[in-house]
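Chemist: What follows is a single structure, and I will ask about it in a moment.
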Amino acid sequence: MIDLGMTEITIVISSVLIFFSIVFGIVRLVIGPETVDRVVAIDLLTIVTIALIALLAHQAERYIYLDVALVYGLLSFLGVLAVARYLEKGI
Amino acid sequence: MSTLVITLLTVVLCAGILIGGLLAVILNNMVSAVISAGLASLFASVVYVVLAAPDVAMTEASIGSGLSTMIFLYAIRKTQKIDSEDDE
């Protein structure tokens with residue numbers, strides 16, 4: 001049995017959760033019958049991606065990676081907002 | 001152990017890029033195709049982070065995922081108006 005510390009166990013558990021979130025998000029994006037389902041799926045995938053980038057920053061021990069997650073958190077609403085404005089005949 | 005898990009996640013991300021590109025080609029609805037292209041851009045940004053290029057990832061996040069989606073939707077709006085006038 002591999003000797004696992006508490007940090008390793010936490011990283012592995014969160015990686016498994018992020019894995020299943022990404023897989024289910026992709027499934028919803030593929031089979032989603034309407035555009036709105038795909039918008040919600042891409043929003044979910046953006047938020048899961050922010051968590052994944054934070055996990056990568058911890059795993060690589062380079063905390064400059066957190067800036068990428070920060071930019072994503074600031075910009076994640078833009079795409080969803082643009083599609084929502086488009087669907088309501090705006091933009 | 002955690003390195004193995006991160007590698008598996010990277011493989012899933014690359015498969016997601018492929019799926020996003022295929023959906024952007026296949027789908028008939030234009031807005032859904034634009035969203036699928038956004039998915040490919042989103043996962044490409046994370047793969048850039050895995051490949052230790054955070055500056056490229058930041059640029060891809062702001063331009064590929066944010067700006068290009070808005071510009072594509074604006075272009076679709078403008079061209080659909082012309083198409084509907086031609087149909088009538």
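Following the order of the structure tokens, first chain is A, next is B, and so on, with residues numbered from 1 inside each chain and ligands from 1 in the order they appear.
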Once you count only C-alpha atoms, which residues of chain A turn out to be within 8 Å of chain B? Could you give them as JSON, numbers by chain?

Modeler: {"A": [8, 11, 12, 15, 19, 26, 29, 30, 35, 38, 39, 42, 46, 49, 53, 56, 59, 64, 65, 67, 68, 71, 72, 75, 76, 78, 79, 82, 83, 86, 91]}

Chemist: Go ahead and save the picked residues with N, CA and C atoms, as a CSV table (one decimal), in the first residue's frame.

Modeler:
```csv
chain,number,residue,atom,x,y,z
A,8,GLU,N,-2.1,14.3,0.4
A,8,GLU,CA,-2.3,13.5,-0.8
A,8,GLU,C,-3.7,12.9,-0.8
A,11,ILE,N,-5.9,15.7,-2.0
A,11,ILE,CA,-5.8,16.0,-3.4
A,11,ILE,C,-6.5,14.9,-4.2
A,12,VAL,N,-6.3,13.6,-3.8
A,12,VAL,CA,-6.9,12.6,-4.6
A,12,VAL,C,-8.4,12.6,-4.6
A,15,SER,N,-9.6,15.5,-6.6
A,15,SER,CA,-9.4,15.2,-8.1
A,15,SER,C,-10.5,14.3,-8.6
A,19,PHE,N,-13.1,15.2,-11.4
A,19,PHE,CA,-13.2,14.4,-12.6
A,19,PHE,C,-14.7,14.1,-12.9
A,26,ILE,N,-19.6,17.5,-19.4
A,26,ILE,CA,-19.5,17.2,-20.8
A,26,ILE,C,-20.6,16.5,-21.4
A,29,LEU,N,-23.4,18.8,-21.9
A,29,LEU,CA,-23.2,19.6,-23.0
A,29,LEU,C,-23.4,18.9,-24.3
A,30,VAL,N,-23.1,17.6,-24.4
A,30,VAL,CA,-23.2,16.8,-25.6
A,30,VAL,C,-24.7,16.5,-25.9
A,35,THR,N,-30.3,25.1,-26.3
A,35,THR,CA,-29.1,25.9,-26.0
A,35,THR,C,-28.9,26.3,-24.6
A,38,ARG,N,-26.9,23.8,-22.6
A,38,ARG,CA,-25.5,23.9,-22.9
A,38,ARG,C,-24.9,25.1,-22.2
A,39,VAL,N,-25.6,26.2,-22.1
A,39,VAL,CA,-25.1,27.4,-21.4
A,39,VAL,C,-24.9,27.0,-19.9
A,42,ILE,N,-21.8,24.9,-19.6
A,42,ILE,CA,-20.5,25.6,-19.8
A,42,ILE,C,-20.2,26.4,-18.5
A,46,THR,N,-16.9,25.9,-16.2
A,46,THR,CA,-16.0,27.0,-15.8
A,46,THR,C,-15.7,27.0,-14.3
A,49,THR,N,-13.5,24.3,-13.5
A,49,THR,CA,-12.2,24.5,-14.0
A,49,THR,C,-11.4,25.4,-13.0
A,53,ILE,N,-7.8,24.5,-11.4
A,53,ILE,CA,-6.6,25.3,-11.6
A,53,ILE,C,-6.0,25.5,-10.2
A,56,LEU,N,-4.2,22.4,-9.3
A,56,LEU,CA,-3.0,22.3,-10.0
A,56,LEU,C,-1.9,23.2,-9.4
A,59,GLN,N,-0.7,21.5,-6.3
A,59,GLN,CA,0.1,20.3,-6.6
A,59,GLN,C,1.5,20.6,-7.2
A,64,ILE,N,1.7,31.2,-8.5
A,64,ILE,CA,1.4,32.1,-9.6
A,64,ILE,C,0.2,31.6,-10.4
A,65,TYR,N,0.0,30.3,-10.4
A,65,TYR,CA,-1.1,29.7,-11.2
A,65,TYR,C,-2.5,30.2,-10.7
A,67,ASP,N,-3.4,33.1,-10.2
A,67,ASP,CA,-3.8,34.3,-11.0
A,67,ASP,C,-4.7,33.9,-12.2
A,68,VAL,N,-4.4,32.8,-12.8
A,68,VAL,CA,-5.2,32.3,-13.9
A,68,VAL,C,-6.6,32.0,-13.4
A,71,VAL,N,-8.4,35.3,-12.9
A,71,VAL,CA,-8.9,35.9,-14.2
A,71,VAL,C,-10.2,35.1,-14.6
A,72,TYR,N,-10.2,33.8,-14.5
A,72,TYR,CA,-11.3,33.0,-14.8
A,72,TYR,C,-12.5,33.4,-14.0
A,75,LEU,N,-13.9,36.7,-15.2
A,75,LEU,CA,-14.4,36.7,-16.6
A,75,LEU,C,-15.5,35.6,-16.9
A,76,SER,N,-15.7,34.8,-15.9
A,76,SER,CA,-16.6,33.6,-16.2
A,76,SER,C,-18.0,34.0,-16.5
A,78,LEU,N,-19.0,36.6,-18.2
A,78,LEU,CA,-19.1,37.3,-19.5
A,78,LEU,C,-19.8,36.5,-20.6
A,79,GLY,N,-19.3,35.3,-20.7
A,79,GLY,CA,-19.8,34.5,-21.8
A,79,GLY,C,-21.3,34.1,-21.6
A,82,ALA,N,-23.4,37.2,-22.2
A,82,ALA,CA,-23.5,37.5,-23.7
A,82,ALA,C,-24.6,36.6,-24.3
A,83,VAL,N,-24.5,35.3,-23.9
A,83,VAL,CA,-25.5,34.3,-24.5
A,83,VAL,C,-26.9,34.7,-24.0
A,86,TYR,N,-28.2,37.5,-25.9
A,86,TYR,CA,-28.5,37.1,-27.2
A,86,TYR,C,-29.8,36.4,-27.3
A,91,ILE,N,-28.2,42.3,-27.1
A,91,ILE,CA,-26.7,42.5,-27.4
A,91,ILE,C,-26.4,43.8,-28.1
```

Chemist: Could you give me, as a PyMOL selection string, each residue of chain A that DSSP assigns to helix (DSSP H, G or I) when run on this structure's backbone?

Modeler: chain A and resi 6-31+35-60+63-87

Chemist: Can you pull out every residue within 9 Å of Ala41 in chain A, counting only C-alpha atoms, but drop anything in the same chain fewer than 4 positions away, and send it as a ChimeraX atom specification?

Modeler: /A:24-29,32,36-37,45-46

Chemist: CA of Ile22 in chain A to CA of Ala51 in chain A: how many Å, to one decimal?

Modeler: 11.1 Å

Chemist: Provide the CA of Gly73 in chain A to CA of Gly64 in chain B distance in Å, to one decimal place.

Modeler: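 Value for the CA of Gly73 in chain A-CA of Gly64 in chain B distance: 14.7 Å.
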
Chemist: Could you work out how far CA of Leu87 in chain A lies from CA of Val40 in chain A, giving the answer in Å with one decimal?

Modeler: 13.5 Å
